[in-house]
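Encoded as structure tokens, the structure appears first; notes follow it.
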Amino acid sequence: MAGLQRPLQGVRVLDFSTLLPGPLATLILCEAGAEVIKVERPGQGDEMRTYVPKFGADSVNFALLNRAKRSIAIDLKEPGAVERLRGLIEEADVIVEQFRPGAMERMGLGYGAVAAINPRVVYCSITGYGQDGPKAHVAGHDLNYVAESGMLGLAAGSDGAPVLPPALIADIAGGTYPAVVNILLALRQRDQTGQGCHLDVAMSDNLFTFLYWAMGNGWAAGQWPGSGTDLLTGGSARYQIYPTADGRHVACAALEDRFWHNFLEVIEAPSAWRDSPPMASALIADIRAIMRGATAAQWARRFKGRDVCCSVVATMEEALQDPHFRARGLFGSVLNADGAGTEATISALPVPVATQFRGEDSGSSYPALGEGNAEFGVAGLRP
């Protein structure tokens, strides 16, 4: 596929977002060929720049999420700011913003004002609760959205209390990915109609898709799942996390009978357990006792080559060294540190863009704050 134009080549994105959902969305668009111009406040820029640990002049979080983008620094509240941005707005195909509803309007950059300048623009607003509704202006973060969607209440720890999610589910699954999907749909629609549109991406709304099974059980059968008691939340012996002798854990997902029977055979369980109700707490306890009888490495050797759907729970460091992921080329792209007199490099953040849609060199650095001011015609404002 070498030499082919990337799918979003020629698409210009103005990114007013900060932190995670919007910047990750525009990184995905950038990886597919879009030109992304990051609009930041003068002085500090995106708050993510100040996080630790550092990688060069800015935080590693900022570096990973903003690779290959450009940056302009402009005070959006300063008189004349909108006019200074007018040329970029006229040429923009996509605008991404992540302020609370009404904030962009107060700065003269709401969808109505922007569409009057460029009716073809696809304008994507990412918020916690959406552009309207009783909670539209309520402050929140990922944990709040996961809690209010009912998702957090389904995952219980050993003490029965909800467990903090290990990933920013609402930000990425509820914000980033729906934003990218709908931006691409809107660009396709614009090909047909010539008109852009305003996309209302609400992170909390989009979490309910992941709870299809819980809603289905409740709506169809009145069986509303409890915390840690359902098939996929800790109530089944077939879908369970078992501790090992060395303090590590095995993740068992032997849901289908053939996998379950293979699993029981490997752990040398009594034959009667093949037909035991998987939701029985006594069965879970019995299997826990068996699994504690060997180390994680011993179980891995016993499971190898058997269809048991069991995995040793890897540390983050182990996962990054996994030969499978290495062979897939997930960490092959390089990110260079900018500034601070360092020449450090790390792997670039893998994003879900198919290999054939990415360029051989999609950029190995991240932008310094305001480095594009002169090029993009906003040099007249405070740097």
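All residue names refer to the structure tokens as shown: chains lettered A, B, ... in order, residues numbered from 1 in each chain, ligands numbered from 1 in order.
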
If you run DSSP on this backbone, which residues of segment 69-126 of chain A come out as strand (DSSP E), and could you give them as a list in words?
->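 Taking segment 69-126 of chain A and keeping strand (DSSP E) gives Arg70, Ser71, Ile72, Ala73, Val94, Ile95, Val96, Glu97, Val122, Tyr123, Cys124, Ser125 and Ile126 of chain A.
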
Non-local contacts of Ala179 of chain A (9 Å; only C-alpha atoms; under 5 positions in same chain excluded) as a PyMOL selection string | chain A and resi 21-22+25+96+124-126+174+184+199-201

Emit the selected residues as a PDB file, in the first residue's frame, including C-alpha atoms.
```pdb
ATOM      1  CA  PRO A  21     -11.246  12.650  24.764  1.00  0.00           C
ATOM      2  CA  GLY A  22     -10.857  15.298  22.072  1.00  0.00           C
ATOM      3  CA  ALA A  25      -9.965  11.661  18.721  1.00  0.00           C
ATOM      4  CA  VAL A  96     -13.548  19.599  17.713  1.00  0.00           C
ATOM      5  CA  CYS A 124     -18.046  18.101  17.006  1.00  0.00           C
ATOM      6  CA  SER A 125     -18.823  18.962  20.633  1.00  0.00           C
ATOM      7  CA  ILE A 126     -17.690  16.427  23.251  1.00  0.00           C
ATOM      8  CA  GLY A 174     -17.885   7.177  25.367  1.00  0.00           C
ATOM      9  CA  LEU A 184     -16.348  10.239   9.614  1.00  0.00           C
ATOM     10  CA  LEU A 199     -22.362  16.638  16.420  1.00  0.00           C
ATOM     11  CA  ASP A 200     -23.428  16.322  20.060  1.00  0.00           C
ATOM     12  CA  VAL A 201     -21.217  13.608  21.617  1.00  0.00           C
TER      13      VAL A 201
END
```

Please identify all polymer residues within 12 Å of Ile172 of chain A, counting only C-alpha atoms, omitting same-chain residues fewer than 6 positions from it, and present them as a PyMOL selection string.
-> chain A and resi 19-25+28+126+128+141-142+145-146+178-180+201-204+206-207+351-352

Name all residues at most 12 Å from Met151 of chain A (count only C-alpha atoms; drop same-chain ones fewer than 5 positions away) and give them as a list of chain:residue names.
-> A:Asp142, A:Leu143, A:Asn144, A:Tyr145, A:Val146, A:Ala156, A:Pro162, A:Val163, A:Leu164, A:Pro165, A:Ile169, A:Ala170, A:Ser204, A:Asp205, A:Asn206, A:Leu207, A:Phe208, A:Thr209, A:Phe210, A:Leu211, A:Tyr212, A:Trp213, A:Ala214, A:Met215, A:Pro225, A:Gly226, A:Ser227, A:Gly228, A:Thr233

Between A:Met48, A:Leu154, A:Ala73, A:Ile267, which is the closest to Ala300 of chain A once you count only C-alpha atoms?
->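 Closest residue, counting only C-alpha atoms: A:Ile267.
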
Residue nearest Val334 of chain A - candidates A:Ala173, A:Leu109, A:Ile37, A:Ile346, atoms counted: only C-alpha atoms =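 Closest to Val334 of chain A, using only C-alpha atoms: A:Ile346.
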
Extract, using only C-alpha atoms, all DNA, RNA and protein residues at most 12 Å from Gln44 of chain A, discarding same-chain residues fewer than 4 positions from it, and format them as a compact mmCIF listing (two decimals) with C-alpha atoms, in the first residue's frame.
```txt
# COMPACT_ATOMS: atom_id res chain seq x y z
CA THR A 18 -7.84 19.56 25.93
CA VAL A 39 -5.70 25.71 19.41
CA GLU A 40 -4.25 26.40 22.87
CA MET A 48 -2.05 18.16 29.90
CA ARG A 49 1.33 19.77 29.11
CA THR A 50 1.89 20.37 32.84
CA TYR A 51 1.33 16.77 33.98
CA ALA A 57 9.58 20.00 27.69
CA ASP A 58 6.06 18.72 28.33
CA ALA A 73 -1.54 29.81 20.97
CA ILE A 74 -4.34 32.37 21.09
CA ASP A 75 -6.48 33.92 23.81
CA ALA A 368 5.71 23.23 20.96
CA LEU A 369 3.13 25.67 22.25
CA GLY A 370 2.29 28.25 19.57
CA PRO A 383 2.07 34.33 22.31
```

Within 10 Å of Trp260 of chain A, counting only C-alpha atoms, which residues show up once you throw out same-chain ones fewer than 2 positions away? Write them as JSON, numbers by chain, please.
-> {"A": [237, 238, 239, 252, 253, 254, 255, 256, 257, 258, 262, 263, 264, 265, 266, 273, 274, 278, 307, 308, 309]}

Write a file of the selected residues as an mmCIF file, in the first residue's frame, keeping C-alpha atoms.
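Written output follows (selection.cif):
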```
data_model
loop_
_atom_site.group_PDB
_atom_site.id
_atom_site.type_symbol
_atom_site.label_atom_id
_atom_site.label_comp_id
_atom_site.auth_asym_id
_atom_site.auth_seq_id
_atom_site.Cartn_x
_atom_site.Cartn_y
_atom_site.Cartn_z
ATOM 1 C CA ALA A 237 -17.279 -19.841 37.970
ATOM 2 C CA ARG A 238 -16.814 -19.856 34.205
ATOM 3 C CA TYR A 239 -16.020 -16.133 34.031
ATOM 4 C CA CYS A 252 -10.848 -17.559 33.257
ATOM 5 C CA ALA A 253 -13.405 -16.930 30.508
ATOM 6 C CA ALA A 254 -14.449 -20.529 29.780
ATOM 7 C CA LEU A 255 -18.062 -19.655 29.025
ATOM 8 C CA GLU A 256 -18.908 -22.273 26.396
ATOM 9 C CA ASP A 257 -19.206 -25.915 27.468
ATOM 10 C CA ARG A 258 -16.210 -27.111 25.422
ATOM 11 C CA ASN A 262 -11.292 -28.461 28.924
ATOM 12 C CA PHE A 263 -10.613 -26.137 31.836
ATOM 13 C CA LEU A 264 -11.949 -28.598 34.392
ATOM 14 C CA GLU A 265 -9.837 -31.337 32.824
ATOM 15 C CA VAL A 266 -6.655 -29.276 33.024
ATOM 16 C CA TRP A 273 -18.291 -30.411 38.348
ATOM 17 C CA ARG A 274 -18.916 -30.522 34.580
ATOM 18 C CA PRO A 278 -21.755 -22.213 37.224
ATOM 19 C CA ASP A 307 -8.624 -24.372 24.363
ATOM 20 C CA VAL A 308 -9.472 -23.142 27.837
ATOM 21 C CA CYS A 309 -9.820 -19.353 27.401
#
```

Spatial neighbours of segment 29-36 of chain A, max dist 10 Å, only C-alpha atoms, sep filter under 5 positions, as a PyMOL selection string = chain A and resi 5-15+23-24+66-71+92-95+180+183-184+350-359+361-363

What does the file look like for those residues with N, CA and C atoms, as a short mmCIF file (atom, residue, chain, number, x, y, z; two decimals), in the first residue's frame?
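Result saved to result_16.cif:
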```
data_model
loop_
_atom_site.label_atom_id
_atom_site.label_comp_id
_atom_site.auth_asym_id
_atom_site.auth_seq_id
_atom_site.Cartn_x
_atom_site.Cartn_y
_atom_site.Cartn_z
N GLN A 5 -2.47 7.57 -1.05
CA GLN A 5 -2.87 8.68 -0.21
C GLN A 5 -3.67 8.17 0.98
N ARG A 6 -3.37 8.68 2.15
CA ARG A 6 -4.13 8.28 3.32
C ARG A 6 -5.56 8.81 3.23
N PRO A 7 -6.54 8.11 3.83
CA PRO A 7 -7.96 8.43 3.64
C PRO A 7 -8.34 9.87 3.99
N LEU A 8 -7.69 10.47 4.99
CA LEU A 8 -8.07 11.82 5.42
C LEU A 8 -7.06 12.87 4.96
N GLN A 9 -6.22 12.51 4.00
CA GLN A 9 -5.28 13.48 3.43
C GLN A 9 -6.07 14.65 2.88
N GLY A 10 -5.67 15.88 3.23
CA GLY A 10 -6.37 17.06 2.76
C GLY A 10 -7.46 17.55 3.68
N VAL A 11 -7.78 16.79 4.72
CA VAL A 11 -8.79 17.20 5.71
C VAL A 11 -8.09 18.01 6.80
N ARG A 12 -8.60 19.21 7.05
CA ARG A 12 -8.01 20.06 8.09
C ARG A 12 -8.92 20.08 9.31
N VAL A 13 -8.33 19.86 10.47
CA VAL A 13 -9.06 19.81 11.73
C VAL A 13 -8.56 20.91 12.65
N LEU A 14 -9.47 21.73 13.17
CA LEU A 14 -9.15 22.68 14.23
C LEU A 14 -9.57 22.05 15.55
N ASP A 15 -8.61 21.86 16.43
CA ASP A 15 -8.87 21.14 17.68
C ASP A 15 -8.78 22.10 18.86
N PRO A 23 -8.41 15.33 22.24
CA PRO A 23 -7.07 15.12 21.68
C PRO A 23 -6.82 13.71 21.16
N LEU A 24 -7.36 12.69 21.83
CA LEU A 24 -7.19 11.33 21.31
C LEU A 24 -7.98 11.14 20.03
N ASN A 66 -0.64 14.01 21.30
CA ASN A 66 -0.61 15.13 20.35
C ASN A 66 0.50 15.00 19.31
N ARG A 67 0.92 13.79 19.08
CA ARG A 67 1.95 13.53 18.07
C ARG A 67 1.48 14.00 16.69
N ALA A 68 2.40 14.62 15.98
CA ALA A 68 2.21 15.01 14.57
C ALA A 68 1.22 16.14 14.36
N LYS A 69 0.75 16.77 15.43
CA LYS A 69 -0.16 17.90 15.28
C LYS A 69 0.64 19.20 15.22
N ARG A 70 -0.03 20.30 14.89
CA ARG A 70 0.54 21.64 14.96
C ARG A 70 -0.13 22.38 16.11
N SER A 71 0.47 23.45 16.57
CA SER A 71 -0.09 24.21 17.70
C SER A 71 -0.08 25.70 17.40
N ALA A 92 -11.36 25.04 7.42
CA ALA A 92 -11.49 23.85 8.25
C ALA A 92 -12.55 22.89 7.72
N ASP A 93 -12.26 21.62 7.78
CA ASP A 93 -13.25 20.59 7.47
C ASP A 93 -13.94 20.11 8.75
N VAL A 94 -13.18 20.11 9.85
CA VAL A 94 -13.68 19.60 11.13
C VAL A 94 -13.23 20.53 12.24
N ILE A 95 -14.13 20.79 13.18
CA ILE A 95 -13.78 21.49 14.42
C ILE A 95 -14.17 20.58 15.58
N VAL A 180 -14.97 10.09 16.72
CA VAL A 180 -14.34 9.72 15.46
C VAL A 180 -15.35 9.10 14.51
N ILE A 183 -17.71 11.85 13.24
CA ILE A 183 -17.02 12.78 12.35
C ILE A 183 -16.88 12.16 10.96
N LEU A 184 -16.49 10.91 10.91
CA LEU A 184 -16.35 10.24 9.61
C LEU A 184 -17.70 10.11 8.91
N PRO A 350 -0.20 3.42 20.30
CA PRO A 350 -0.96 2.70 19.26
C PRO A 350 -2.40 3.23 19.21
N VAL A 351 -2.91 3.43 18.03
CA VAL A 351 -4.30 3.85 17.87
C VAL A 351 -4.99 2.90 16.88
N PRO A 352 -6.31 2.77 16.98
CA PRO A 352 -7.02 1.78 16.15
C PRO A 352 -7.27 2.23 14.72
N VAL A 353 -6.20 2.52 14.00
CA VAL A 353 -6.28 2.84 12.58
C VAL A 353 -5.55 1.73 11.83
N ALA A 354 -6.23 1.11 10.89
CA ALA A 354 -5.65 -0.02 10.16
C ALA A 354 -4.35 0.39 9.48
N THR A 355 -3.44 -0.55 9.39
CA THR A 355 -2.11 -0.28 8.87
C THR A 355 -2.15 0.36 7.49
N GLN A 356 -3.05 -0.10 6.63
CA GLN A 356 -3.08 0.41 5.26
C GLN A 356 -3.54 1.86 5.17
N PHE A 357 -4.10 2.40 6.27
CA PHE A 357 -4.58 3.78 6.27
C PHE A 357 -3.57 4.74 6.90
N ARG A 358 -2.46 4.20 7.41
CA ARG A 358 -1.46 5.04 8.06
C ARG A 358 -0.27 5.23 7.14
N GLY A 359 0.38 6.36 7.27
CA GLY A 359 1.57 6.61 6.48
C GLY A 359 2.77 5.93 7.09
N ASP A 361 5.52 7.35 7.70
CA ASP A 361 6.03 8.29 8.69
C ASP A 361 4.94 9.31 8.97
N SER A 362 4.12 9.02 9.98
CA SER A 362 3.01 9.90 10.28
C SER A 362 3.37 10.96 11.31
N GLY A 363 4.65 11.12 11.58
CA GLY A 363 5.10 12.14 12.52
C GLY A 363 5.66 11.53 13.78
#
```

From the DSSP assignment of the backbone, select every residue of segment 186-247 of chain A that is alpha helix (DSSP H), and format the answer as a compact mmCIF listing (two decimals) with N, CA and C atoms, in the first residue's frame.
```txt
# COMPACT_ATOMS: atom_id res chain seq x y z
N ALA A 186 -20.22 12.13 9.30
CA ALA A 186 -20.60 13.48 8.88
C ALA A 186 -19.84 13.92 7.63
N LEU A 187 -18.57 13.54 7.54
CA LEU A 187 -17.80 13.88 6.34
C LEU A 187 -18.36 13.15 5.12
N ARG A 188 -18.78 11.90 5.32
CA ARG A 188 -19.40 11.15 4.22
C ARG A 188 -20.72 11.79 3.81
N GLN A 189 -21.51 12.22 4.79
CA GLN A 189 -22.77 12.89 4.48
C GLN A 189 -22.52 14.21 3.75
N ARG A 190 -21.46 14.92 4.15
CA ARG A 190 -21.13 16.17 3.49
C ARG A 190 -20.75 15.94 2.03
N ASP A 191 -20.12 14.80 1.76
CA ASP A 191 -19.82 14.46 0.36
C ASP A 191 -21.09 14.40 -0.47
N GLN A 192 -22.19 13.99 0.17
CA GLN A 192 -23.46 13.82 -0.53
C GLN A 192 -24.29 15.10 -0.59
N THR A 193 -24.20 15.93 0.49
CA THR A 193 -25.07 17.10 0.59
C THR A 193 -24.36 18.43 0.45
N TYR A 212 -25.61 -3.32 27.07
CA TYR A 212 -26.75 -3.91 26.35
C TYR A 212 -27.31 -5.13 27.05
N TRP A 213 -26.41 -5.99 27.57
CA TRP A 213 -26.85 -7.24 28.19
C TRP A 213 -27.59 -6.97 29.50
N ALA A 214 -27.13 -6.00 30.26
CA ALA A 214 -27.77 -5.67 31.54
C ALA A 214 -29.15 -5.07 31.30
N MET A 215 -29.23 -4.17 30.31
CA MET A 215 -30.53 -3.58 29.99
C MET A 215 -31.48 -4.63 29.43
N GLY A 216 -30.95 -5.51 28.57
CA GLY A 216 -31.78 -6.56 27.98
C GLY A 216 -32.35 -7.48 29.04
N ASN A 217 -31.51 -7.89 30.00
CA ASN A 217 -31.99 -8.76 31.07
C ASN A 217 -33.08 -8.08 31.88
N GLY A 218 -32.89 -6.81 32.15
CA GLY A 218 -33.88 -6.09 32.95
C GLY A 218 -35.16 -5.83 32.21
N TRP A 219 -35.04 -5.35 30.98
CA TRP A 219 -36.24 -5.02 30.20
C TRP A 219 -37.07 -6.27 29.84
N ALA A 220 -36.38 -7.31 29.42
CA ALA A 220 -37.11 -8.49 28.92
C ALA A 220 -37.57 -9.43 30.03
N ALA A 221 -36.79 -9.54 31.10
CA ALA A 221 -37.10 -10.55 32.11
C ALA A 221 -37.21 -9.99 33.52
```

How many Å lie between atom CA of Gly133 of chain A and atom CA of Pro101 of chain A, rounded to one decimal?
->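 Straight-line distance from atom CA of Gly133 of chain A to atom CA of Pro101 of chain A works out to 10.7 Å.
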